[in-house]
file protein_8.txt (compact mmCIF, C-alpha atoms)
# COMPACT_ATOMS: atom_id res chain seq x y z
CA MET A 148 0.00 0.00 0.00
CA GLU A 149 1.26 3.48 -0.82
CA GLU A 150 2.06 5.61 2.15
CA ALA A 151 -0.69 8.16 2.80
CA GLY A 152 0.46 11.68 3.45
CA VAL A 153 -0.52 13.75 6.49
CA ALA A 154 0.40 17.40 6.25
CA VAL A 155 0.05 19.36 9.48
CA THR A 156 -0.70 23.04 8.97
CA THR A 157 -1.08 25.64 11.71
CA ALA A 158 -2.31 25.40 15.27
CA GLY A 159 -2.50 21.62 15.18
CA GLU A 160 -4.82 21.59 12.17
CA ALA A 161 -4.14 18.81 9.63
CA GLU A 162 -4.65 17.66 6.10
CA LEU A 163 -5.09 13.95 5.48
CA ASN A 164 -4.12 12.84 1.98
CA LEU A 165 -5.27 9.32 1.10
CA SER A 166 -5.27 9.77 -2.67
CA ARG A 167 -4.38 7.03 -5.17
CA LEU A 168 -4.10 4.20 -2.65
CA SER A 169 -3.83 0.80 -4.36
CA VAL A 170 -6.04 -0.96 -1.83
CA SER A 171 -9.55 -2.31 -1.57
CA ALA A 172 -12.45 -0.20 -0.37
CA GLU A 173 -12.49 -2.15 2.92
CA THR A 174 -8.82 -1.43 3.56
CA LEU A 175 -9.32 2.23 2.76
CA GLU A 176 -12.28 2.32 5.15
CA SER A 177 -10.13 0.85 7.92
CA GLU A 178 -7.29 3.23 7.16
CA LEU A 179 -9.63 6.18 7.27
CA GLU A 180 -11.11 5.12 10.59
CA SER A 181 -7.69 4.69 12.18
CA ARG A 182 -6.46 8.04 10.88
CA GLY A 183 -9.57 9.70 12.23
CA GLU A 184 -9.01 8.15 15.63
CA GLU A 185 -5.38 9.32 15.60
CA ARG A 186 -6.47 12.88 14.97
CA ARG A 187 -9.07 12.73 17.75
CA GLY A 188 -6.54 11.25 20.16
CA ALA A 189 -4.09 14.00 19.38
CA ARG A 190 -6.87 16.56 19.72
CA GLU A 191 -6.05 17.99 16.33
CA ALA A 192 -8.82 19.28 14.10
CA LEU A 193 -8.75 17.58 10.72
CA LEU A 194 -9.82 20.20 8.19
CA ARG A 195 -8.94 18.71 4.78
CA LEU A 196 -9.51 15.15 3.62
CA LEU A 197 -8.28 14.12 0.15
CA LEU A 198 -9.65 10.86 -1.27
CA PRO A 199 -9.38 11.27 -5.07
CA HIS A 200 -8.63 8.40 -7.48
CA ASN A 201 -9.39 5.52 -5.16
CA ARG A 202 -12.05 3.72 -7.24
CA LEU A 203 -14.62 4.47 -4.55
CA VAL A 204 -18.19 3.47 -5.42
CA SER A 205 -19.65 5.00 -2.24
CA LEU A 206 -18.56 7.40 0.47
CA PRO A 207 -16.65 5.76 3.34
CA ARG A 208 -18.88 5.11 6.34
CA ALA A 209 -16.21 6.58 8.62
CA LEU A 210 -17.15 10.05 7.36
CA GLY A 211 -20.37 9.73 9.32
CA ASN A 212 -18.84 10.14 12.76
CA GLY A 213 -15.10 10.72 12.66
CA PHE A 214 -14.57 14.12 11.09
CA PRO A 215 -16.82 16.75 12.68
CA TYR A 216 -14.60 19.73 11.83
CA LEU A 217 -13.84 18.84 8.23
CA GLN A 218 -13.91 21.85 5.91
CA LEU A 219 -12.74 20.32 2.60
CA LEU A 220 -13.53 16.91 1.13
CA ASP A 221 -12.14 15.78 -2.22
CA VAL A 222 -13.61 12.58 -3.69
CA SER A 223 -12.89 13.39 -7.33
CA GLY A 224 -11.92 10.82 -9.92
CA ASN A 225 -13.66 7.87 -8.33
CA ALA A 226 -16.64 5.77 -9.47
CA LEU A 227 -19.27 7.31 -7.20
CA THR A 228 -22.87 7.06 -8.37
CA ALA A 229 -24.22 8.72 -5.21
CA LEU A 230 -23.05 10.86 -2.33
CA GLY A 231 -24.61 9.08 0.62
CA PRO A 232 -26.02 10.28 3.95
CA GLU A 233 -22.51 10.28 5.44
CA LEU A 234 -22.08 13.64 3.76
CA LEU A 235 -24.74 15.21 5.97
CA ALA A 236 -22.63 14.51 9.09
CA LEU A 237 -19.98 16.97 7.87
CA ARG A 238 -21.79 19.91 9.40
CA GLY A 239 -19.03 22.48 8.81
CA LEU A 240 -17.97 21.44 5.30
CA ARG A 241 -17.12 24.41 3.11
CA THR A 242 -15.67 22.77 -0.02
CA LEU A 243 -16.87 19.59 -1.72
CA LEU A 244 -14.97 18.37 -4.78
CA ALA A 245 -16.71 15.45 -6.50
CA LYS A 246 -15.76 15.96 -10.13
CA ASN A 247 -15.21 13.14 -12.64
CA ASN A 248 -17.43 10.53 -11.05
CA ARG A 249 -20.65 8.85 -12.23
CA LEU A 250 -23.12 11.09 -10.43
CA GLY A 251 -26.30 12.22 -12.11
CA GLY A 252 -28.95 9.58 -11.59
CA PRO A 253 -31.79 9.57 -9.05
CA GLY A 254 -30.47 9.81 -5.51
CA SER A 255 -27.08 11.16 -6.52
CA LEU A 256 -27.22 13.65 -3.67
CA PRO A 257 -28.34 12.77 -0.15
CA LYS A 258 -31.95 13.31 0.78
CA GLY A 259 -32.34 16.27 3.10
CA LEU A 260 -29.30 18.12 1.77
CA ALA A 261 -31.23 21.37 1.40
CA GLN A 262 -32.41 21.18 5.01
CA SER A 263 -29.06 20.13 6.49
CA PRO A 264 -26.40 22.40 8.02
CA LEU A 265 -24.54 22.09 4.70
CA SER A 266 -27.07 24.45 3.16
CA ARG A 267 -25.52 27.15 5.36
CA SER A 268 -21.86 26.09 5.35
CA LEU A 269 -21.04 24.82 1.85
CA GLN A 270 -19.35 27.52 -0.23
CA VAL A 271 -17.65 25.58 -3.05
CA LEU A 272 -19.28 22.69 -4.92
CA ASN A 273 -17.60 21.03 -7.91
CA LEU A 274 -19.69 18.39 -9.70
CA SER A 275 -18.07 18.76 -13.11
CA GLY A 276 -17.43 15.75 -15.29
CA ASN A 277 -20.46 13.76 -14.17
CA CYS A 278 -23.75 12.77 -15.83
CA PHE A 279 -26.26 15.35 -14.58
CA GLN A 280 -28.98 16.17 -17.10
CA GLU A 281 -30.38 18.95 -14.91
CA VAL A 282 -29.16 21.02 -12.01
CA PRO A 283 -30.28 19.13 -8.86
CA ALA A 284 -33.05 20.93 -7.02
CA SER A 285 -31.25 20.53 -3.69
CA VAL A 286 -28.19 22.35 -5.07
CA LEU A 287 -30.38 25.36 -5.80
CA GLU A 288 -31.12 25.58 -2.06
CA LEU A 289 -27.48 25.83 -0.96
CA ARG A 290 -27.74 29.53 -0.22
CA ALA A 291 -24.11 29.95 0.96
CA LEU A 292 -22.58 28.71 -2.32
CA GLN A 293 -19.97 31.04 -3.77
CA THR A 294 -18.63 28.71 -6.48
CA LEU A 295 -20.68 26.15 -8.41
CA SER A 296 -19.11 23.98 -11.12
CA LEU A 297 -21.23 21.70 -13.28
CA GLY A 298 -19.14 21.70 -16.42
CA GLY A 299 -18.87 18.65 -18.63
CA ASN A 300 -22.24 17.18 -17.73
CA GLN A 301 -25.36 16.75 -19.88
CA LEU A 302 -27.33 19.80 -18.78
CA GLN A 303 -30.03 20.93 -21.19
CA THR A 304 -31.19 24.05 -19.37
CA ILE A 305 -30.29 26.49 -16.63
CA PRO A 306 -33.24 26.60 -14.21
CA ALA A 307 -34.78 29.94 -13.31
CA GLU A 308 -34.25 28.99 -9.65
CA ILE A 309 -30.54 29.65 -10.13
CA GLU A 310 -31.42 33.12 -8.85
CA ASN A 311 -31.76 31.56 -5.36
CA LEU A 312 -27.97 31.35 -5.08
CA ARG A 313 -27.54 35.00 -4.17
CA SER A 314 -24.01 34.54 -2.80
CA LEU A 315 -22.69 32.96 -6.01
CA GLU A 316 -19.48 34.53 -7.31
CA CYS A 317 -18.38 31.94 -9.87
CA LEU A 318 -20.67 29.80 -12.05
CA TYR A 319 -19.09 27.23 -14.39
CA LEU A 320 -21.48 25.49 -16.79
CA GLY A 321 -19.20 24.96 -19.78
CA GLY A 322 -19.31 21.80 -21.87
CA ASN A 323 -23.02 21.01 -21.68
CA PHE A 324 -25.98 21.18 -24.09
CA ILE A 325 -27.53 24.44 -22.88
CA LYS A 326 -29.47 26.38 -25.52
CA GLU A 327 -30.78 29.38 -23.59
CA ILE A 328 -29.63 31.69 -20.83
CA PRO A 329 -32.52 32.47 -18.46
CA PRO A 330 -32.95 36.15 -17.60
CA GLU A 331 -33.11 35.15 -13.92
CA LEU A 332 -29.35 34.64 -14.08
CA ALA A 333 -29.10 38.42 -13.94
CA ASN A 334 -30.39 38.34 -10.35
CA LEU A 335 -27.04 37.19 -8.92
CA PRO A 336 -25.58 40.40 -7.49
CA SER A 337 -22.15 38.98 -6.57
CA LEU A 338 -21.40 37.01 -9.76
CA ASN A 339 -17.85 37.74 -10.96
CA TYR A 340 -17.15 34.85 -13.33
CA LEU A 341 -19.66 33.25 -15.67
CA VAL A 342 -18.51 30.39 -17.89
CA LEU A 343 -21.01 29.16 -20.50
CA CYS A 344 -18.57 28.06 -23.19
CA ASP A 345 -18.97 24.92 -25.32
CA ASN A 346 -22.76 24.85 -25.28
CA LYS A 347 -25.45 25.50 -27.90
CA ILE A 348 -26.44 29.03 -26.88
CA GLN A 349 -27.85 31.17 -29.70
CA SER A 350 -28.49 34.48 -27.95
CA VAL A 351 -27.64 36.43 -24.81
CA PRO A 352 -30.53 38.05 -22.91
CA PRO A 353 -30.11 41.81 -22.41
CA GLN A 354 -30.88 41.31 -18.71
CA LEU A 355 -27.29 40.12 -18.22
CA SER A 356 -26.32 43.78 -18.27
CA GLN A 357 -27.59 43.85 -14.68
CA LEU A 358 -24.63 41.72 -13.54
CA HIS A 359 -22.72 44.75 -12.38
CA SER A 360 -20.03 42.68 -10.60
CA LEU A 361 -19.23 40.53 -13.64
CA ARG A 362 -15.55 40.56 -14.59
CA SER A 363 -15.24 37.59 -16.93
CA LEU A 364 -17.79 36.19 -19.39
CA SER A 365 -16.87 33.07 -21.40
CA LEU A 366 -19.18 32.37 -24.33
CA HIS A 367 -16.79 30.75 -26.79
CA ASN A 368 -17.84 27.77 -28.92
CA ASN A 369 -21.56 28.46 -28.97
CA LEU A 370 -23.97 29.48 -31.75
CA LEU A 371 -24.02 33.24 -31.19
CA THR A 372 -24.51 35.56 -34.15
CA TYR A 373 -24.85 38.81 -32.20
CA LEU A 374 -24.76 40.28 -28.71
CA PRO A 375 -27.27 42.64 -27.08
CA ARG A 376 -26.09 46.24 -27.06
CA GLU A 377 -26.76 46.28 -23.30
CA ILE A 378 -23.59 44.27 -22.79
CA LEU A 379 -21.78 47.63 -22.87
CA ASN A 380 -23.36 48.32 -19.48
CA LEU A 381 -21.24 45.63 -17.79
CA ILE A 382 -19.05 48.25 -16.19
CA HIS A 383 -16.58 45.84 -14.55
CA LEU A 384 -16.25 43.36 -17.42
CA GLU A 385 -12.56 42.77 -18.19
CA GLU A 386 -12.63 39.59 -20.27
CA LEU A 387 -15.11 38.49 -22.92
CA SER A 388 -14.46 35.25 -24.81
CA LEU A 389 -16.37 34.81 -28.08
CA ARG A 390 -14.17 32.64 -30.29
CA GLY A 391 -15.79 29.75 -32.11
CA ASN A 392 -19.15 31.47 -32.64
CA PRO A 393 -20.78 32.12 -36.04
CA LEU A 394 -20.63 35.86 -35.45
CA VAL A 395 -21.85 37.79 -38.47
CA VAL A 396 -19.05 39.16 -40.64
CA ARG A 397 -20.78 42.18 -42.15
CA PHE A 398 -23.33 44.80 -41.19
CA VAL A 399 -26.79 43.21 -41.19
CA ARG A 400 -30.22 44.58 -40.46
CA ASP A 401 -33.59 42.93 -40.15
CA LEU A 402 -36.42 45.06 -41.53
CA THR A 403 -39.21 42.72 -40.55
CA TYR A 404 -41.59 45.25 -39.12
CA ASP A 405 -45.21 45.03 -38.07
CA PRO A 406 -47.02 48.39 -37.97
CA PRO A 407 -47.70 49.77 -34.49
CA THR A 408 -51.13 49.24 -32.98
CA LEU A 409 -53.43 52.21 -32.39
CA LEU A 410 -52.61 51.91 -28.69
CA GLU A 411 -48.89 52.21 -29.39
CA LEU A 412 -49.39 55.09 -31.85
CA ALA A 413 -51.33 57.00 -29.18
CA ALA A 414 -48.68 56.30 -26.56
CA ARG A 415 -45.85 57.29 -28.91
CA THR A 416 -47.56 60.57 -29.73
CA ILE A 417 -47.97 61.45 -26.04
CA LYS A 418 -44.34 60.62 -25.27
CA ILE A 419 -42.73 62.23 -28.33
CA ARG A 420 -44.75 65.44 -28.15
CA ASN A 421 -44.50 65.55 -24.37
CA ILE A 422 -48.26 66.02 -23.99
CA SER A 423 -49.25 66.71 -20.41
CA TYR A 424 -52.13 64.73 -18.92
CA THR A 425 -53.72 63.65 -15.65
CA PRO A 426 -54.92 60.12 -14.76
CA CYS A 427 -58.46 61.25 -15.42
CA ASP A 428 -57.66 62.25 -19.01
CA LEU A 429 -56.69 58.81 -20.37
CA PRO A 430 -58.06 55.26 -20.36
CA GLY A 431 -56.53 52.96 -17.77
CA ASN A 432 -54.90 50.66 -20.31
CA LEU A 433 -53.17 53.60 -21.99
CA LEU A 434 -51.93 54.92 -18.65
CA ARG A 435 -50.36 51.56 -17.83
CA TYR A 436 -48.93 51.22 -21.33
CA LEU A 437 -47.13 54.56 -21.14
CA SER A 438 -44.87 53.22 -18.39
CA LEU A 439 -43.49 50.58 -20.78
CA ALA A 440 -41.83 53.01 -23.18
CA SER A 441 -38.25 52.39 -24.34
CA ASN A 442 -36.12 55.13 -25.82
CA CYS A 443 -34.85 54.65 -29.36
CA PRO A 444 -31.03 54.28 -29.16
CA ASN A 445 -30.53 56.35 -32.32
CA PRO A 446 -29.08 59.62 -30.93
CA LYS A 447 -30.57 61.55 -33.87
CA CYS A 448 -34.10 60.25 -33.37
CA GLY A 449 -35.44 61.02 -29.90
CA GLY A 450 -38.38 58.65 -30.47
CA VAL A 451 -39.76 55.85 -28.32
CA TYR A 452 -41.16 52.39 -28.93
CA PHE A 453 -43.26 49.88 -27.01
CA ASP A 454 -44.05 46.49 -28.58
CA CYS A 455 -43.22 47.42 -32.16
CA CYS A 456 -39.56 47.88 -33.07
CA VAL A 457 -36.95 47.10 -35.68
CA ARG A 458 -34.02 44.81 -34.88
CA GLN A 459 -30.67 45.94 -36.19
CA ILE A 460 -27.24 44.40 -35.78
CA LYS A 461 -24.56 47.01 -35.35
CA PHE A 462 -20.80 46.56 -35.06
CA VAL A 463 -19.04 48.21 -32.12
CA ASP A 464 -15.27 48.54 -31.83
CA PHE A 465 -13.51 47.27 -28.70
CA CYS A 466 -9.90 48.16 -27.93
CA GLY A 467 -9.47 49.48 -31.50
CA LYS A 468 -9.04 45.92 -32.72
CA TYR A 469 -12.21 43.85 -32.40
CA ARG A 470 -15.64 44.54 -33.84
CA LEU A 471 -18.54 43.01 -31.95
CA PRO A 472 -22.03 42.66 -33.46
CA LEU A 473 -24.52 44.10 -30.97
CA MET A 474 -28.29 43.97 -31.26
CA HIS A 475 -30.17 47.29 -31.32
CA TYR A 476 -33.91 47.88 -31.17
CA LEU A 477 -35.02 50.94 -33.13
CA CYS A 478 -38.41 52.63 -33.16
CA SER A 479 -38.93 52.41 -36.95
CA PRO A 480 -37.19 51.38 -40.21
CA GLU A 481 -36.40 55.06 -40.85
CA CYS A 482 -34.01 54.98 -37.88
CA SER A 483 -31.87 52.21 -39.38
CA SER A 484 -28.43 53.21 -40.52
CA PRO A 485 -27.56 52.47 -44.15
CA CYS A 486 -26.42 48.90 -44.62
CA SER A 487 -22.65 48.83 -44.78
CA SER A 488 -19.89 46.27 -44.87
CA ALA A 489 -17.27 45.78 -42.19
CA THR A 490 -14.74 46.74 -44.88
CA HIS A 491 -16.22 50.24 -45.37
CA SER A 492 -14.32 53.33 -44.36
CA SER A 493 -14.14 54.13 -40.65
CA THR A 494 -15.71 57.47 -41.46
CA SER A 495 -19.05 55.86 -42.38
CA GLN A 496 -22.09 56.82 -40.32
CA SER A 497 -22.48 53.35 -38.84
CA GLU A 498 -18.88 53.18 -37.67
CA SER A 499 -18.78 56.67 -36.21
CA ASP A 500 -21.92 55.93 -34.21
CA SER A 501 -20.35 52.68 -33.04
CA GLU A 502 -17.17 54.38 -31.93
CA ASP A 503 -19.11 56.92 -29.91
CA GLU A 504 -21.11 54.18 -28.21
CA ALA A 505 -18.04 52.07 -27.41
CA SER A 506 -15.85 54.85 -26.04
CA VAL A 507 -16.97 54.27 -22.45
CA ALA A 508 -16.36 50.50 -22.60
CA ALA A 509 -13.13 50.41 -24.61
CA HIS A 510 -10.79 51.60 -21.88
CA ARG A 511 -11.89 48.93 -19.40
CA MET A 512 -12.11 45.89 -21.69
CA GLN A 513 -8.75 44.14 -21.37
CA LYS A 514 -9.47 40.97 -23.37
CA VAL A 515 -11.97 40.33 -26.11
CA LEU A 516 -11.23 36.91 -27.52
CA LEU A 517 -12.67 36.30 -30.98
CA GLY A 518 -10.02 34.19 -32.64
call {"tool": "encode", "arguments": {"input": "protein_8.txt", "output": "structure tokens"}}
result
Amino acid sequence: MEEAGVAVTTAGEAELNLSRLSVSAETLESELESRGEERRGAREALLRLLLPHNRLVSLPRALGNGFPYLQLLDVSGNALTALGPELLALRGLRTLLAKNNRLGGPGSLPKGLAQSPLSRSLQVLNLSGNCFQEVPASVLELRALQTLSLGGNQLQTIPAEIENLRSLECLYLGGNFIKEIPPELANLPSLNYLVLCDNKIQSVPPQLSQLHSLRSLSLHNNLLTYLPREILNLIHLEELSLRGNPLVVRFVRDLTYDPPTLLELAARTIKIRNISYTPCDLPGNLLRYLSLASNCPNPKCGGVYFDCCVRQIKFVDFCGKYRLPLMHYLCSPECSSPCSSATHSSTSQSESDSEDEASVAAHRMQKVLLG
């Protein structure tokens, strides 16, 4: 049997490394029990337990009563199909690494996880490289999570309940089969790093502009053809990865346009002409509708729109080197800039407007990865 390593840190606290032991599960169980008893006898708090690459098919039973102060547990690279009830005994666990196992079926996580003390202590959870087809409901109740990794699974969707994880700072969902980004993802106020690369995402919701703490956004190897113009509002964004997407290569505009309804025409007239009114002057539905107005982004227009708008893809320069296609919503076809190619002169109307719009973002964007 390979010698297991025990690394003592500060103040009698210890790390127990039992990785890659060429022994049976029974022998490992016995070894773990004896090491736990040694630590208790020495009155040293065992904080880190490393059990990766041991061909484990279940969690050792000794976890259930021998490691009350454990803060980190690594069971990566085993053959686990479930994390059993022994996990719930680790009341102060902060980091759980269980990547590259066989988790993902019914009962993969212990029943009662969301109601256990772990829902208040667990801060880092890595379940990458498993077989999950959906984000487990109990994971969405771990309110103290700061880092969640579910990359390399078989996820089809991101549930709207992801917004429950209000403390989340890093979300890694790369290498799945995700097609859409739910707008609820924008309700994570502390999110710094969002990794959605290597999926099947076709569009980015404009609500992501509300992620004011976001510093890194990885969207490479998806199916994106444009980005919402609101992405310029990510004031702390330093890195944006877009390589491997079918980003459009020339200026494109979509003139599919349904005429405004009479309700919208009335509301536009009131807004554009700044007509004063009192609640008694207008029907209730028109009063409510007026609050839904959006300003046309064309600086030479000054108009508004409600339900009826024209989609236009517009290139914006970043760092003087990259040109990103951003989606604009204009109030009418007359507001569309003339269709132009990316090879046109930088003095064209479309490019000058783009440069003005990007000036605020260009100085802070350190990396825009397109190639």
call {"tool": "closest_residue", "arguments": {"input": "protein_8.txt", "among": "A:Leu412, A:Leu220, A:Leu230, A:Leu240", "to": "A:Tyr436", "atoms": "all atoms listed in the file"}}
result
A:Leu412
call {"tool": "residues_around", "arguments": {"input": "protein_8.txt", "residues": "A:Pro215", "least_positions_apart": "5", "cutoff": "10 Å", "atoms": "only C-alpha atoms", "output": "PDB file with C-alpha atoms, in the coordinates of the input"}}
result
ATOM      1  CA  ALA A 192      -8.820  19.280  14.100  1.00  0.00           C
ATOM      2  CA  LEU A 193      -8.750  17.580  10.720  1.00  0.00           C
ATOM      3  CA  LEU A 194      -9.820  20.200   8.190  1.00  0.00           C
ATOM      4  CA  LEU A 210     -17.150  10.050   7.360  1.00  0.00           C
ATOM      5  CA  ALA A 236     -22.630  14.510   9.090  1.00  0.00           C
ATOM      6  CA  LEU A 237     -19.980  16.970   7.870  1.00  0.00           C
ATOM      7  CA  ARG A 238     -21.790  19.910   9.400  1.00  0.00           C
ATOM      8  CA  GLY A 239     -19.030  22.480   8.810  1.00  0.00           C
ATOM      9  CA  LEU A 240     -17.970  21.440   5.300  1.00  0.00           C
TER      10      LEU A 240
END
call {"tool": "atom_distance", "arguments": {"input": "protein_8.txt", "atom1": "atom CA of A:Pro306", "atom2": "atom CA of A:Ser223"}}
result
25.2 Å
call {"tool": "closest_residue", "arguments": {"input": "protein_8.txt", "among": "A:Gln293, A:Gln262, A:Asn201, A:Thr304", "to": "A:Ser337", "atoms": "all atoms listed in the file"}}
result
A:Gln293
call {"tool": "atom_distance", "arguments": {"input": "protein_8.txt", "atom1": "atom CA of A:Gly231", "atom2": "atom CA of A:Gly254"}}
result
8.5 Å
call {"tool": "atom_distance", "arguments": {"input": "protein_8.txt", "atom1": "atom CA of A:Ala291", "atom2": "atom CA of A:Ser314"}}
result
5.9 Å
call {"tool": "residues_near_point", "arguments": {"input": "protein_8.txt", "point": "(-26.8, 11.3, -5.0)", "cutoff": "10 Å", "atoms": "all atoms listed in the file", "output": "number ranges by chain"}}
result
A: 205, 227-232, 249-258, 260, 283
call {"tool": "axis_aligned_box", "arguments": {"input": "protein_8.txt", "around": "stretch 280-289 of chain A", "padding_each_side": "3 Å", "output": "AutoDock Vina command-line options"}}
result
--center_x -30.3 --center_y 21.0 --center_z -9.0 --size_x 11.6 --size_y 15.7 --size_z 22.1
call {"tool": "residues_around", "arguments": {"input": "protein_8.txt", "residues": "A:Ala261", "least_positions_apart": "6", "cutoff": "12 Å", "atoms": "only C-alpha atoms", "output": "number ranges by chain"}}
result
A: 235, 267-269, 283-292
call {"tool": "residues_around", "arguments": {"input": "protein_8.txt", "residues": "A:Arg435", "least_positions_apart": "3", "cutoff": "12 Å", "atoms": "all atoms listed in the file", "output": "list in words"}}
result
Leu410, Glu411, Ala414, Pro426, Leu429, Pro430, Gly431, Asn432, Ser438, Leu439, Ala440 and Phe453 of chain A
call {"tool": "closest_residue", "arguments": {"input": "protein_8.txt", "among": "A:Val204, A:Leu355, A:Leu409, A:Cys344", "to": "A:Asn392", "atoms": "only C-alpha atoms"}}
result
A:Cys344
call {"tool": "residues_around", "arguments": {"input": "protein_8.txt", "residues": "A:Glu310", "least_positions_apart": "2", "cutoff": "9 Å", "atoms": "all atoms listed in the file", "output": "PyMOL selection string"}}
result
chain A and resi 287+306-308+312-313+331-335
call {"tool": "write_last_selection", "arguments": {"input": "protein_8.txt", "atoms": "C-alpha atoms", "output": "tab-separated table (two decimals), in the frame of the given file"}}
result
chain	number	residue	atom	x	y	z
A	287	LEU	CA	-30.38	25.36	-5.80
A	306	PRO	CA	-33.24	26.60	-14.21
A	307	ALA	CA	-34.78	29.94	-13.31
A	308	GLU	CA	-34.25	28.99	-9.65
A	312	LEU	CA	-27.97	31.35	-5.08
A	313	ARG	CA	-27.54	35.00	-4.17
A	331	GLU	CA	-33.11	35.15	-13.92
A	332	LEU	CA	-29.35	34.64	-14.08
A	333	ALA	CA	-29.10	38.42	-13.94
A	334	ASN	CA	-30.39	38.34	-10.35
A	335	LEU	CA	-27.04	37.19	-8.92
call {"tool": "residues_near_point", "arguments": {"input": "protein_8.txt", "point": "(-15.5, 7.8, -6.6)", "cutoff": "6 Å", "atoms": "only C-alpha atoms", "output": "MDAnalysis selection string"}}
result
chainID A and resid 202:204 222 224:227 248
call {"tool": "residues_around", "arguments": {"input": "protein_8.txt", "residues": "A:Arg208", "least_positions_apart": "6", "cutoff": "10 Å", "atoms": "all atoms listed in the file", "output": "list of chain:residue names"}}
result
A:Glu176, A:Ser177, A:Leu179, A:Glu180, A:Gly231, A:Pro232, A:Glu233, A:Leu234
call {"tool": "write_last_selection", "arguments": {"input": "protein_8.txt", "atoms": "C-alpha atoms", "output": "PDB file, keeping the file's coordinate frame"}}
result
ATOM      1  CA  GLU A 176     -12.280   2.320   5.150  1.00  0.00           C
ATOM      2  CA  SER A 177     -10.130   0.850   7.920  1.00  0.00           C
ATOM      3  CA  LEU A 179      -9.630   6.180   7.270  1.00  0.00           C
ATOM      4  CA  GLU A 180     -11.110   5.120  10.590  1.00  0.00           C
ATOM      5  CA  GLY A 231     -24.610   9.080   0.620  1.00  0.00           C
ATOM      6  CA  PRO A 232     -26.020  10.280   3.950  1.00  0.00           C
ATOM      7  CA  GLU A 233     -22.510  10.280   5.440  1.00  0.00           C
ATOM      8  CA  LEU A 234     -22.080  13.640   3.760  1.00  0.00           C
TER       9      LEU A 234
END
